>>> print(open('coords.pdb').read())   # PDB, C-alpha atoms
ATOM      1  CA  MET A   1       0.000   0.000   0.000
ATOM      2  CA  ARG A   2       2.895   2.339   0.693
ATOM      3  CA  LEU A   3       4.103   1.880  -2.887
ATOM      4  CA  PHE A   4       0.704   2.799  -4.309
ATOM      5  CA  ALA A   5       0.496   5.878  -2.084
ATOM      6  CA  LEU A   6       3.851   7.045  -3.441
ATOM      7  CA  VAL A   7       2.779   6.511  -7.055
ATOM      8  CA  LEU A   8      -0.502   8.332  -6.494
ATOM      9  CA  LEU A   9       1.178  11.262  -4.778
ATOM     10  CA  LEU A  10       3.726  11.502  -7.576
ATOM     11  CA  SER A  11       1.036  11.413 -10.251
ATOM     12  CA  PHE A  12      -0.798  14.243  -8.490
ATOM     13  CA  ALA A  13       2.388  16.330  -8.384
ATOM     14  CA  LEU A  14       3.120  15.700 -12.066
ATOM     15  CA  ALA A  15      -0.112  17.012 -13.511
ATOM     16  CA  GLN A  16      -1.305  19.664 -11.081
ATOM     17  CA  THR A  17       1.863  21.764 -11.039
ATOM     18  CA  HIS A  18       3.113  24.659 -13.156
ATOM     19  CA  VAL A  19       6.708  25.863 -13.476
ATOM     20  CA  VAL A  20       6.830  29.676 -13.457
ATOM     21  CA  ALA A  21       8.418  31.120 -16.593
ATOM     22  CA  PRO A  22      10.491  34.338 -16.557
ATOM     23  CA  GLY A  23       8.206  37.398 -16.410
ATOM     24  CA  GLU A  24       5.071  35.327 -15.716
ATOM     25  CA  THR A  25       2.500  36.608 -13.220
ATOM     26  CA  LEU A  26       0.154  34.739 -10.940
ATOM     27  CA  PHE A  27      -2.772  36.408 -12.727
ATOM     28  CA  ALA A  28      -1.636  35.008 -16.097
ATOM     29  CA  ILE A  29      -1.158  31.538 -14.607
ATOM     30  CA  ALA A  30      -4.601  31.636 -12.986
ATOM     31  CA  LYS A  31      -6.189  32.648 -16.309
ATOM     32  CA  ARG A  32      -4.450  29.797 -18.166
ATOM     33  CA  TYR A  33      -5.737  27.132 -15.774
ATOM     34  CA  GLY A  34      -9.219  28.572 -15.306
ATOM     35  CA  THR A  35      -8.769  29.424 -11.646
ATOM     36  CA  THR A  36      -8.209  32.561  -9.549
ATOM     37  CA  VAL A  37      -5.227  34.332  -8.023
ATOM     38  CA  GLU A  38      -6.779  33.801  -4.590
ATOM     39  CA  GLU A  39      -7.123  30.036  -5.136
ATOM     40  CA  LEU A  40      -3.519  29.715  -6.365
ATOM     41  CA  ALA A  41      -2.300  31.715  -3.372
ATOM     42  CA  ARG A  42      -4.260  29.411  -1.046
ATOM     43  CA  LEU A  43      -3.019  26.206  -2.714
ATOM     44  CA  ASN A  44       0.602  27.344  -2.501
ATOM     45  CA  GLY A  45       0.588  29.195   0.810
ATOM     46  CA  LEU A  46       1.598  32.480  -0.853
ATOM     47  CA  LYS A  47       1.454  35.422   1.533
ATOM     48  CA  ASP A  48       2.233  37.876  -1.283
ATOM     49  CA  PRO A  49       0.788  36.724  -4.659
ATOM     50  CA  SER A  50       2.884  39.315  -6.481
ATOM     51  CA  ARG A  51       6.131  37.635  -5.399
ATOM     52  CA  ILE A  52       6.725  34.532  -7.475
ATOM     53  CA  ARG A  53       9.997  33.626  -9.188
ATOM     54  CA  ALA A  54      11.039  31.952 -12.406
ATOM     55  CA  GLY A  55      11.490  28.221 -11.902
ATOM     56  CA  GLN A  56       9.119  28.089  -8.923
ATOM     57  CA  VAL A  57       6.774  25.077  -8.993
ATOM     58  CA  LEU A  58       3.152  25.985  -8.204
ATOM     59  CA  ARG A  59       0.213  23.712  -7.562
ATOM     60  CA  VAL A  60      -2.535  24.717  -9.974
ATOM     61  CA  ARG A  61      -5.165  22.017 -10.311
ATOM     62  CA  PRO A  62      -7.311  19.854  -8.049
ATOM     63  CA  VAL A  63      -7.938  16.172  -8.663
ATOM     64  CA  ALA A  64     -11.103  15.274 -10.567
ATOM     65  CA  GLU A  65     -13.329  12.422  -9.384
ATOM     66  CA  MET A  66     -16.191  10.526 -11.021
ATOM     67  CA  SER A  67     -18.329   7.462 -10.394
ATOM     68  CA  LEU A  68     -17.946   4.331 -12.506
ATOM     69  CA  PRO A  69     -20.397   1.430 -12.867
ATOM     70  CA  LYS A  70     -18.387  -0.691 -10.398
ATOM     71  CA  GLY A  71     -16.234   1.851  -8.596
ATOM     72  CA  ARG A  72     -14.622   5.282  -8.875
ATOM     73  CA  LEU A  73     -12.055   7.114 -10.995
ATOM     74  CA  TRP A  74      -9.706   9.887  -9.901
ATOM     75  CA  TYR A  75      -7.514  11.713 -12.406
ATOM     76  CA  THR A  76      -5.284  14.747 -12.580
ATOM     77  CA  HIS A  77      -5.820  17.208 -15.396
ATOM     78  CA  PRO A  78      -3.594  16.835 -18.489
ATOM     79  CA  VAL A  79      -1.231  19.627 -19.508
ATOM     80  CA  GLN A  80       0.681  19.922 -22.790
ATOM     81  CA  GLY A  81       4.101  18.303 -22.308
ATOM     82  CA  ARG A  82       3.321  16.725 -18.919
ATOM     83  CA  ALA A  83       2.339  13.362 -17.498
ATOM     84  CA  PHE A  84      -0.978  12.932 -15.711
ATOM     85  CA  GLY A  85      -2.147  10.266 -13.297
ATOM     86  CA  LEU A  86      -5.127   7.919 -13.038
ATOM     87  CA  ARG A  87      -6.470   5.951 -10.078
ATOM     88  CA  VAL A  88      -9.299   3.415 -10.321
ATOM     89  CA  GLU A  89     -11.092   1.506  -7.575
ATOM     90  CA  GLY A  90     -13.528  -1.365  -7.968
ATOM     91  CA  TYR A  91     -11.847  -3.156 -10.893
ATOM     92  CA  GLY A  92      -9.301  -5.942 -11.195
ATOM     93  CA  GLY A  93      -7.422  -4.817 -14.284
ATOM     94  CA  GLY A  94      -7.423  -2.426 -17.173
ATOM     95  CA  GLU A  95      -5.673  -0.060 -19.540
ATOM     96  CA  ALA A  96      -6.051   3.509 -20.780
ATOM     97  CA  PHE A  97      -6.148   4.859 -24.347
ATOM     98  CA  PHE A  98      -5.290   8.527 -24.896
ATOM     99  CA  LEU A  99      -3.912  10.485 -27.870
ATOM    100  CA  GLU A 100      -3.450   7.323 -29.930
ATOM    101  CA  GLY A 101      -1.410   5.721 -27.138
ATOM    102  CA  ARG A 102      -2.197   2.625 -25.074
ATOM    103  CA  TYR A 103      -1.087   2.667 -21.427
ATOM    104  CA  PRO A 104      -1.282  -0.088 -18.803
ATOM    105  CA  LEU A 105      -2.963   0.319 -15.443
ATOM    106  CA  PHE A 106      -0.977  -1.395 -12.706
ATOM    107  CA  ARG A 107      -2.563  -3.161  -9.771
ATOM    108  CA  GLU A 108      -1.519  -2.267  -6.233
ATOM    109  CA  GLY A 109      -3.693  -3.727  -3.480
ATOM    110  CA  GLU A 110      -7.338  -2.972  -4.257
ATOM    111  CA  ARG A 111      -6.546  -0.179  -6.723
ATOM    112  CA  LEU A 112      -5.284   0.383 -10.244
ATOM    113  CA  TRP A 113      -2.965   3.257 -11.138
ATOM    114  CA  GLY A 114      -1.302   4.597 -14.261
ATOM    115  CA  LEU A 115       0.673   7.504 -15.682
ATOM    116  CA  VAL A 116      -0.174   8.871 -19.129
ATOM    117  CA  PRO A 117       2.101  11.193 -21.163
ATOM    118  CA  VAL A 118       0.941  14.221 -23.139
ATOM    119  CA  GLY A 119       3.328  15.255 -25.916
ATOM    120  CA  ALA A 120       4.696  18.799 -25.960
ATOM    121  CA  LEU A 121       3.351  19.400 -29.472
ATOM    122  CA  VAL A 122      -0.195  18.230 -28.708
ATOM    123  CA  GLU A 123      -2.581  21.110 -29.409
ATOM    124  CA  PRO A 124      -4.501  22.264 -26.309
ATOM    125  CA  GLY A 125      -8.135  21.225 -26.457
ATOM    126  CA  ALA A 126     -10.582  18.416 -25.706
ATOM    127  CA  TYR A 127      -9.514  14.777 -26.265
ATOM    128  CA  PRO A 128     -11.209  11.459 -25.511
ATOM    129  CA  LEU A 129      -9.906   9.161 -22.784
ATOM    130  CA  ARG A 130     -11.005   5.545 -23.100
ATOM    131  CA  LEU A 131     -10.630   3.133 -20.203
ATOM    132  CA  LEU A 132     -10.948  -0.614 -20.635
ATOM    133  CA  LEU A 133     -11.747  -1.986 -17.172
ATOM    134  CA  ASP A 134     -12.407  -5.697 -16.697
ATOM    135  CA  GLY A 135     -13.472  -5.785 -20.348
ATOM    136  CA  ALA A 136     -15.953  -2.898 -20.026
ATOM    137  CA  GLU A 137     -15.402   0.489 -21.695
ATOM    138  CA  VAL A 138     -15.546   3.841 -19.941
ATOM    139  CA  ASN A 139     -15.333   6.964 -22.113
ATOM    140  CA  LEU A 140     -14.834  10.563 -21.060
ATOM    141  CA  THR A 141     -13.366  13.779 -22.464
ATOM    142  CA  LEU A 142     -10.349  15.542 -20.954
ATOM    143  CA  GLN A 143      -9.219  19.092 -21.640
ATOM    144  CA  VAL A 144      -5.482  19.444 -22.315
ATOM    145  CA  ALA A 145      -4.236  22.793 -20.976
ATOM    146  CA  PRO A 146      -1.443  24.728 -22.756
ATOM    147  CA  GLY A 147       2.113  24.435 -21.467
ATOM    148  CA  GLY A 148       2.974  28.082 -22.129
ATOM    149  CA  TYR A 149       6.334  27.396 -23.773
ATOM    150  CA  ALA A 150       8.836  30.049 -24.818
ATOM    151  CA  LYS A 151      10.832  30.295 -28.068
ATOM    152  CA  GLU A 152      14.557  30.524 -28.783
ATOM    153  CA  VAL A 153      16.993  30.439 -31.699
ATOM    154  CA  LEU A 154      20.224  28.426 -31.521
ATOM    155  CA  ALA A 155      23.163  29.551 -33.657
ATOM    156  CA  LEU A 156      25.027  26.453 -34.827
ATOM    157  CA  SER A 157      28.495  26.001 -36.250
ATOM    158  CA  GLN A 158      28.890  24.308 -39.632
ATOM    159  CA  ASP A 159      29.976  21.116 -37.861
ATOM    160  CA  LEU A 160      26.857  21.072 -35.677
ATOM    161  CA  GLU A 161      24.582  21.801 -38.633
ATOM    162  CA  ALA A 162      26.222  18.897 -40.453
ATOM    163  CA  LEU A 163      25.560  16.688 -37.440
ATOM    164  CA  LEU A 164      21.846  17.518 -37.571
ATOM    165  CA  LYS A 165      21.781  16.342 -41.200
ATOM    166  CA  ASP A 166      23.270  12.959 -40.239
ATOM    167  CA  PRO A 167      21.014  10.192 -41.643
ATOM    168  CA  GLY A 168      21.679   8.145 -38.506
ATOM    169  CA  LEU A 169      19.749  10.509 -36.219
ATOM    170  CA  LYS A 170      16.492   8.584 -36.574
ATOM    171  CA  ALA A 171      18.197   5.327 -35.629
ATOM    172  CA  GLU A 172      19.741   7.006 -32.562
ATOM    173  CA  ARG A 173      16.345   8.248 -31.390
ATOM    174  CA  GLU A 174      14.835   4.797 -31.892
ATOM    175  CA  LYS A 175      17.672   3.285 -29.854
ATOM    176  CA  VAL A 176      17.046   5.701 -26.984
ATOM    177  CA  VAL A 177      13.316   4.929 -26.938
ATOM    178  CA  ALA A 178      13.854   1.160 -27.213
ATOM    179  CA  ALA A 179      16.300   1.160 -24.278
ATOM    180  CA  CYS A 180      13.513   1.987 -21.792
ATOM    181  CA  PRO A 181      11.588  -1.136 -20.677
ATOM    182  CA  LYS A 182       7.795  -0.903 -20.610
ATOM    183  CA  GLU A 183       7.530  -3.303 -17.680
ATOM    184  CA  GLY A 184       9.417  -3.933 -14.482
ATOM    185  CA  PRO A 185       9.434  -2.904 -10.818
ATOM    186  CA  LEU A 186       8.777   0.660  -9.721
ATOM    187  CA  ARG A 187      12.018   2.059  -8.289
ATOM    188  CA  LEU A 188      10.899   5.598  -7.395
ATOM    189  CA  GLN A 189      11.114   6.309  -3.662
ATOM    190  CA  GLY A 190      10.165  10.002  -3.701
ATOM    191  CA  PRO A 191      10.682  13.192  -5.698
ATOM    192  CA  PHE A 192      13.731  13.515  -7.939
ATOM    193  CA  VAL A 193      16.939  14.849  -6.396
ATOM    194  CA  LYS A 194      18.951  17.508  -8.247
ATOM    195  CA  PRO A 195      21.380  15.957 -10.752
ATOM    196  CA  LEU A 196      24.022  18.613 -10.009
ATOM    197  CA  GLU A 197      24.646  22.003  -8.467
ATOM    198  CA  GLY A 198      23.889  24.363 -11.337
ATOM    199  CA  ARG A 199      21.208  26.538 -12.857
ATOM    200  CA  ILE A 200      18.584  25.683 -15.467
ATOM    201  CA  THR A 201      19.420  27.456 -18.719
ATOM    202  CA  SER A 202      16.759  25.994 -21.006
ATOM    203  CA  ALA A 203      13.367  24.681 -19.918
ATOM    204  CA  PHE A 204      11.496  21.710 -21.331
ATOM    205  CA  GLY A 205       9.207  22.395 -24.274
ATOM    206  CA  THR A 206      10.953  25.564 -25.484
ATOM    207  CA  ARG A 207      10.288  25.934 -29.220
ATOM    208  CA  ARG A 208      13.702  25.995 -30.898
ATOM    209  CA  GLN A 209      14.964  27.169 -34.256
ATOM    210  CA  TYR A 210      18.111  25.121 -34.961
ATOM    211  CA  GLY A 211      20.294  27.376 -37.093
ATOM    212  CA  THR A 212      18.884  27.495 -40.624
ATOM    213  CA  LEU A 213      17.652  23.902 -40.583
ATOM    214  CA  PHE A 214      14.350  23.353 -38.795
ATOM    215  CA  THR A 215      12.181  24.156 -35.787
ATOM    216  CA  SER A 216      11.496  21.650 -33.051
ATOM    217  CA  TYR A 217      11.207  21.750 -29.273
ATOM    218  CA  HIS A 218      13.530  21.116 -26.335
ATOM    219  CA  GLU A 219      12.909  17.624 -24.985
ATOM    220  CA  GLY A 220      14.481  18.086 -21.541
ATOM    221  CA  LEU A 221      15.996  20.451 -18.985
ATOM    222  CA  ASP A 222      19.463  21.967 -19.497
ATOM    223  CA  PHE A 223      21.645  22.577 -16.437
ATOM    224  CA  ALA A 224      24.724  24.791 -16.774
ATOM    225  CA  ALA A 225      27.802  24.054 -14.641
ATOM    226  CA  PRO A 226      31.600  23.880 -15.050
ATOM    227  CA  LEU A 227      33.137  21.050 -17.036
ATOM    228  CA  LYS A 228      33.633  17.832 -15.071
ATOM    229  CA  THR A 229      30.969  18.742 -12.489
ATOM    230  CA  PRO A 230      29.712  15.436 -11.012
ATOM    231  CA  VAL A 231      26.316  14.355 -12.373
ATOM    232  CA  ARG A 232      24.045  12.357 -10.074
ATOM    233  CA  ALA A 233      21.144   9.959 -10.633
ATOM    234  CA  VAL A 234      17.903  11.820  -9.922
ATOM    235  CA  ALA A 235      16.213   8.651  -8.633
ATOM    236  CA  LYS A 236      16.857   5.015  -7.927
ATOM    237  CA  GLY A 237      17.083   3.067 -11.177
ATOM    238  CA  ARG A 238      18.780   0.498 -13.366
ATOM    239  CA  VAL A 239      21.266   1.476 -16.080
ATOM    240  CA  VAL A 240      19.815   0.422 -19.449
ATOM    241  CA  LEU A 241      22.167   2.408 -21.723
ATOM    242  CA  SER A 242      25.699   3.753 -21.246
ATOM    243  CA  GLU A 243      27.556   4.621 -24.440
ATOM    244  CA  ARG A 244      28.684   7.351 -26.826
ATOM    245  CA  LEU A 245      25.962   8.557 -29.213
ATOM    246  CA  ARG A 246      26.311  10.914 -32.193
ATOM    247  CA  VAL A 247      23.910  13.693 -31.124
ATOM    248  CA  ARG A 248      23.537  13.000 -27.404
ATOM    249  CA  GLY A 249      27.259  12.499 -26.849
ATOM    250  CA  GLU A 250      28.340  10.466 -23.832
ATOM    251  CA  ALA A 251      24.933   9.246 -22.670
ATOM    252  CA  VAL A 252      23.372   7.312 -19.790
ATOM    253  CA  ILE A 253      19.759   6.126 -19.449
ATOM    254  CA  LEU A 254      18.252   4.921 -16.161
ATOM    255  CA  ALA A 255      14.996   2.945 -15.910
ATOM    256  CA  HIS A 256      12.825   3.823 -12.902
ATOM    257  CA  GLY A 257       9.704   1.784 -13.466
ATOM    258  CA  PRO A 258       7.202   0.704 -16.108
ATOM    259  CA  GLY A 259       7.885   2.895 -19.148
ATOM    260  CA  LEU A 260       9.630   5.632 -17.102
ATOM    261  CA  CYS A 261      13.278   6.525 -17.813
ATOM    262  CA  THR A 262      15.690   9.427 -17.393
ATOM    263  CA  GLY A 263      18.428  10.314 -19.895
ATOM    264  CA  TYR A 264      21.659  12.204 -19.184
ATOM    265  CA  TRP A 265      23.223  13.635 -22.356
ATOM    266  CA  HIS A 266      26.483  15.416 -23.343
ATOM    267  CA  LEU A 267      28.569  13.961 -20.499
ATOM    268  CA  ALA A 268      32.346  14.247 -20.521
ATOM    269  CA  GLU A 269      32.636  10.850 -18.867
ATOM    270  CA  ARG A 270      30.343   7.954 -17.953
ATOM    271  CA  ARG A 271      30.857   6.093 -14.673
ATOM    272  CA  VAL A 272      28.183   3.377 -14.785
ATOM    273  CA  ARG A 273      27.630   0.234 -16.831
ATOM    274  CA  VAL A 274      24.502  -1.359 -18.278
ATOM    275  CA  GLY A 275      22.775  -3.556 -15.709
ATOM    276  CA  GLU A 276      23.947  -1.668 -12.620
ATOM    277  CA  GLU A 277      21.405  -0.666  -9.981
ATOM    278  CA  VAL A 278      22.035   2.872  -8.724
ATOM    279  CA  GLN A 279      20.576   4.821  -5.833
ATOM    280  CA  ALA A 280      19.252   8.379  -6.027
ATOM    281  CA  GLY A 281      22.138  10.798  -5.725
ATOM    282  CA  ARG A 282      24.841   8.393  -6.866
ATOM    283  CA  GLY A 283      27.388   9.792  -9.317
ATOM    284  CA  ILE A 284      26.882   8.434 -12.834
ATOM    285  CA  GLY A 285      29.263  10.661 -14.809
ATOM    286  CA  LEU A 286      30.816  14.068 -15.301
ATOM    287  CA  LEU A 287      29.275  17.059 -17.057
ATOM    288  CA  GLY A 288      30.635  17.768 -20.531
ATOM    289  CA  SER A 289      29.877  19.162 -23.972
ATOM    290  CA  THR A 290      29.897  16.089 -26.215
ATOM    291  CA  GLY A 291      27.600  15.454 -29.182
ATOM    292  CA  LEU A 292      25.271  18.236 -30.363
ATOM    293  CA  SER A 293      26.233  20.806 -27.736
ATOM    294  CA  THR A 294      27.109  24.489 -27.873
ATOM    295  CA  GLY A 295      28.761  24.567 -24.435
ATOM    296  CA  PRO A 296      29.188  22.650 -21.160
ATOM    297  CA  HIS A 297      25.838  21.517 -19.802
ATOM    298  CA  LEU A 298      23.748  18.542 -18.755
ATOM    299  CA  HIS A 299      20.612  17.783 -20.743
ATOM    300  CA  LEU A 300      18.261  15.832 -18.467
ATOM    301  CA  GLU A 301      15.424  14.034 -20.217
ATOM    302  CA  VAL A 302      12.384  12.143 -18.917
ATOM    303  CA  ARG A 303      10.513   9.756 -21.200
ATOM    304  CA  LEU A 304       7.266   8.023 -20.318
ATOM    305  CA  PHE A 305       6.504   5.163 -22.713
ATOM    306  CA  GLY A 306       8.790   6.857 -25.231
ATOM    307  CA  VAL A 307       7.183  10.315 -24.985
ATOM    308  CA  PRO A 308       9.383  13.145 -23.629
ATOM    309  CA  VAL A 309       7.669  14.895 -20.698
ATOM    310  CA  ASP A 310       8.702  17.836 -18.543
ATOM    311  CA  PRO A 311      11.180  16.727 -15.825
ATOM    312  CA  ALA A 312      10.565  19.827 -13.659
ATOM    313  CA  PRO A 313       7.427  18.582 -11.821
ATOM    314  CA  PHE A 314       9.309  15.433 -10.734
ATOM    315  CA  PHE A 315      11.468  17.661  -8.505
ATOM    316  CA  ALA A 316       8.412  19.038  -6.682
ATOM    317  CA  GLY A 317       7.248  17.709  -3.379
ATOM    318  CA  LEU A 318       4.366  15.267  -3.310
ATOM    319  CA  PRO A 319       1.442  17.442  -2.103
ATOM    320  CA  LEU A 320      -2.101  16.159  -1.871
ATOM    321  CA  PRO A 321      -4.832  18.495  -3.168
TER     322      PRO A 321
END
>>> encode(input="coords.pdb", output="C-alpha cells")
Amino acid sequence: MRLFALVLLLSFALAQTHVVAPGETLFAIAKRYGTTVEELARLNGLKDPSRIRAGQVLRVRPVAEMSLPKGRLWYTHPVQGRAFGLRVEGYGGGEAFFLEGRYPLFREGERLWGLVPVGALVEPGAYPLRLLLDGAEVNLTLQVAPGGYAKEVLALSQDLEALLKDPGLKAEREKVVAACPKEGPLRLQGPFVKPLEGRITSAFGTRRQYGTLFTSYHEGLDFAAPLKTPVRAVAKGRVVLSERLRVRGEAVILAHGPGLCTGYWHLAERRVRVGEEVQAGRGIGLLGSTGLSTGPHLHLEVRLFGVPVDPAPFFAGLPLP
C-alpha cells in the first residue's frame, strides 16, 4: 500500500503543477488554468501573490473524481508536455487509451494506477480518454491545458549543422526509446533529487529554431555548470544504456519503473555500466559538452513510454490536493 500511495502522490504532483516562466504573473497563470489568483495563493501558501519567481513550482489544479459502474475514478488534469495520473477503484485490471497511445494500469492492493504522457506538441483542447476496465469500456473527455512554452533560436556552427543532417539521427532516437523497458518494478522512492549544483538554462518544451535547418522543441531540462561537475542519478534506477551517441554524446539512461526513464546527455565521462542498480544521488558521470552541444551543460530528459515529458514537476514535493 505504501508503494501505491507514493505513485498516487507523484502522479498528483506531475499534472497539477506549473513551473513559473520568466516574467510570468500569478494572474496570467490563474487565467491559463481557469482558476483565480486567490485560489492559487491558497493552494501554494503564498502570503504575497505578487512575489513569485522563475522556476518556482506551483500547484494549480485539483484532482477530478467521477463514479464508474463498479467503482470510482480519480484523475489529474492533463497539460501539454506533462504526465498525468489515473487511479481506479472497484476493478481488477485495465488499460487507458489517450492520444493514440495505449497505457497499462498497474494493480496495487485494491486499486489500479497509471501515468499517461501528453506530448509537448499536442494542441490544447478536448480529447477522448477511453478506459478498458475488466473488459468494459468507460469513455470521457479531458481538456489538455497549454504548457505556455517560450521560443529561442540556436546559432550552430557548420559542424553542428552537419551533425543535424546525419542520416543516422532517426536510428539514434529509436535506440534511446527502445532502451527503456515498458515493464518492471517501480524504483521511485520520492521526488527527484537535483542531478548537479547548477542553474537551469533551457526549460522543457521551449520551441527551438536550430540554425537554418528546422524548428522543433527542447525535450528536456538543461543545467549549466563547469566542465567535469559530477552528475548524479535523480532517482533510484537500473542502467539500461551507457555509451557514446552521435547527437547525445556520452549518454546514460536509467529505468525507474514501467515505461519511465531518465536520460543524461552530453557527459564528458560515464561512470556506470549497463545492468547496474544505482541509488538516487549516486554519481553516474561528469558534465561535458559532447555530441550536439554548444557549451558545457547537462541535458536531463524524462521519457514516459517513449514520450518526452517535462522533468521539472518530478522535482516538486508530493502534495495532496
>>> resolve_selection(input="coords.pdb", expression="the PyMOL selection byres ((chain A and resi 288-301) around 9)", output="ChimeraX atom specification")
/A:154-157,160,163-164,195-196,201,204,219-229,231,244-250,261-269,286-287,302-303,308-311
>>> residues_near_point(input="coords.pdb", point="(7.1, -3.7, -10.2)", cutoff="12 Å", atoms="only C-alpha atoms", output="VMD selection string")
chain A and resid 3 to 4 7 106 to 108 181 to 188 255 to 260
>>> residues_around(input="coords.pdb", residues="region 127-138 of chain A", least_positions_apart="3", cutoff="8 Å", atoms="all atoms listed in the file", output="NGL selection string")
:A and (68 or 91-99 or 141-144)
>>> residues_around(input="coords.pdb", residues="Glu38 (chain A)", least_positions_apart="4", cutoff="12 Å", atoms="only C-alpha atoms", output="VMD selection string")
chain A and resid 26 to 27 29 to 31 42 to 50 60
>>> resolve_selection(input="coords.pdb", expression="the PyMOL selection byres ((chain A and resi 274-283) around 6)", output="ChimeraX atom specification")
/A:231-241,273,284-285
>>> atom_distance(input="coords.pdb", atom1="CA of Tyr149 (chain A)", atom2="CA of Ala83 (chain A)")
15.9 Å
>>> atom_distance(input="coords.pdb", atom1="CA of Ile253 (chain A)", atom2="CA of Gly101 (chain A)")
22.5 Å
>>> decode(input="coords.pdb", residues="region 258-275 of chain A", atoms="N, CA and C atoms", output="PDB file, in the first residue's frame")
ATOM      1  N   PRO A 258       7.854   1.035 -14.845  1.00  0.00           N
ATOM      2  CA  PRO A 258       7.202   0.704 -16.108  1.00  0.00           C
ATOM      3  C   PRO A 258       7.119   1.895 -17.062  1.00  0.00           C
ATOM      4  N   GLY A 259       7.935   1.862 -18.119  1.00  0.00           N
ATOM      5  CA  GLY A 259       7.885   2.895 -19.148  1.00  0.00           C
ATOM      6  C   GLY A 259       8.507   4.215 -18.774  1.00  0.00           C
ATOM      7  N   LEU A 260       9.100   4.351 -17.580  1.00  0.00           N
ATOM      8  CA  LEU A 260       9.630   5.632 -17.102  1.00  0.00           C
ATOM      9  C   LEU A 260      11.154   5.585 -17.030  1.00  0.00           C
ATOM     10  N   CYS A 261      11.816   6.489 -17.782  1.00  0.00           N
ATOM     11  CA  CYS A 261      13.278   6.525 -17.813  1.00  0.00           C
ATOM     12  C   CYS A 261      13.771   7.964 -17.786  1.00  0.00           C
ATOM     13  N   THR A 262      15.011   8.138 -17.294  1.00  0.00           N
ATOM     14  CA  THR A 262      15.690   9.427 -17.393  1.00  0.00           C
ATOM     15  C   THR A 262      16.943   9.270 -18.234  1.00  0.00           C
ATOM     16  N   GLY A 263      17.230  10.309 -19.053  1.00  0.00           N
ATOM     17  CA  GLY A 263      18.428  10.314 -19.895  1.00  0.00           C
ATOM     18  C   GLY A 263      19.338  11.464 -19.512  1.00  0.00           C
ATOM     19  N   TYR A 264      20.646  11.218 -19.550  1.00  0.00           N
ATOM     20  CA  TYR A 264      21.659  12.204 -19.184  1.00  0.00           C
ATOM     21  C   TYR A 264      22.596  12.339 -20.380  1.00  0.00           C
ATOM     22  N   TRP A 265      22.496  13.476 -21.099  1.00  0.00           N
ATOM     23  CA  TRP A 265      23.223  13.635 -22.356  1.00  0.00           C
ATOM     24  C   TRP A 265      24.417  14.592 -22.201  1.00  0.00           C
ATOM     25  N   HIS A 266      25.339  14.497 -23.174  1.00  0.00           N
ATOM     26  CA  HIS A 266      26.483  15.416 -23.343  1.00  0.00           C
ATOM     27  C   HIS A 266      27.522  15.298 -22.227  1.00  0.00           C
ATOM     28  N   LEU A 267      27.604  14.151 -21.573  1.00  0.00           N
ATOM     29  CA  LEU A 267      28.569  13.961 -20.499  1.00  0.00           C
ATOM     30  C   LEU A 267      29.998  13.977 -21.039  1.00  0.00           C
ATOM     31  N   ALA A 268      30.926  14.364 -20.181  1.00  0.00           N
ATOM     32  CA  ALA A 268      32.346  14.247 -20.521  1.00  0.00           C
ATOM     33  C   ALA A 268      32.835  12.827 -20.259  1.00  0.00           C
ATOM     34  N   GLU A 269      32.195  12.187 -19.285  1.00  0.00           N
ATOM     35  CA  GLU A 269      32.636  10.850 -18.867  1.00  0.00           C
ATOM     36  C   GLU A 269      31.480  10.102 -18.245  1.00  0.00           C
ATOM     37  N   ARG A 270      31.357   8.816 -18.561  1.00  0.00           N
ATOM     38  CA  ARG A 270      30.343   7.954 -17.953  1.00  0.00           C
ATOM     39  C   ARG A 270      31.000   7.077 -16.886  1.00  0.00           C
ATOM     40  N   ARG A 271      30.286   6.878 -15.766  1.00  0.00           N
ATOM     41  CA  ARG A 271      30.857   6.093 -14.673  1.00  0.00           C
ATOM     42  C   ARG A 271      29.941   4.972 -14.204  1.00  0.00           C
ATOM     43  N   VAL A 272      29.053   4.517 -15.087  1.00  0.00           N
ATOM     44  CA  VAL A 272      28.183   3.377 -14.785  1.00  0.00           C
ATOM     45  C   VAL A 272      28.127   2.465 -16.004  1.00  0.00           C
ATOM     46  N   ARG A 273      27.749   1.223 -15.763  1.00  0.00           N
ATOM     47  CA  ARG A 273      27.630   0.234 -16.831  1.00  0.00           C
ATOM     48  C   ARG A 273      26.203  -0.297 -16.904  1.00  0.00           C
ATOM     49  N   VAL A 274      25.830  -0.785 -18.078  1.00  0.00           N
ATOM     50  CA  VAL A 274      24.502  -1.359 -18.278  1.00  0.00           C
ATOM     51  C   VAL A 274      24.282  -2.506 -17.299  1.00  0.00           C
ATOM     52  N   GLY A 275      23.121  -2.515 -16.666  1.00  0.00           N
ATOM     53  CA  GLY A 275      22.775  -3.556 -15.709  1.00  0.00           C
ATOM     54  C   GLY A 275      22.969  -3.164 -14.265  1.00  0.00           C
TER      55      GLY A 275
END
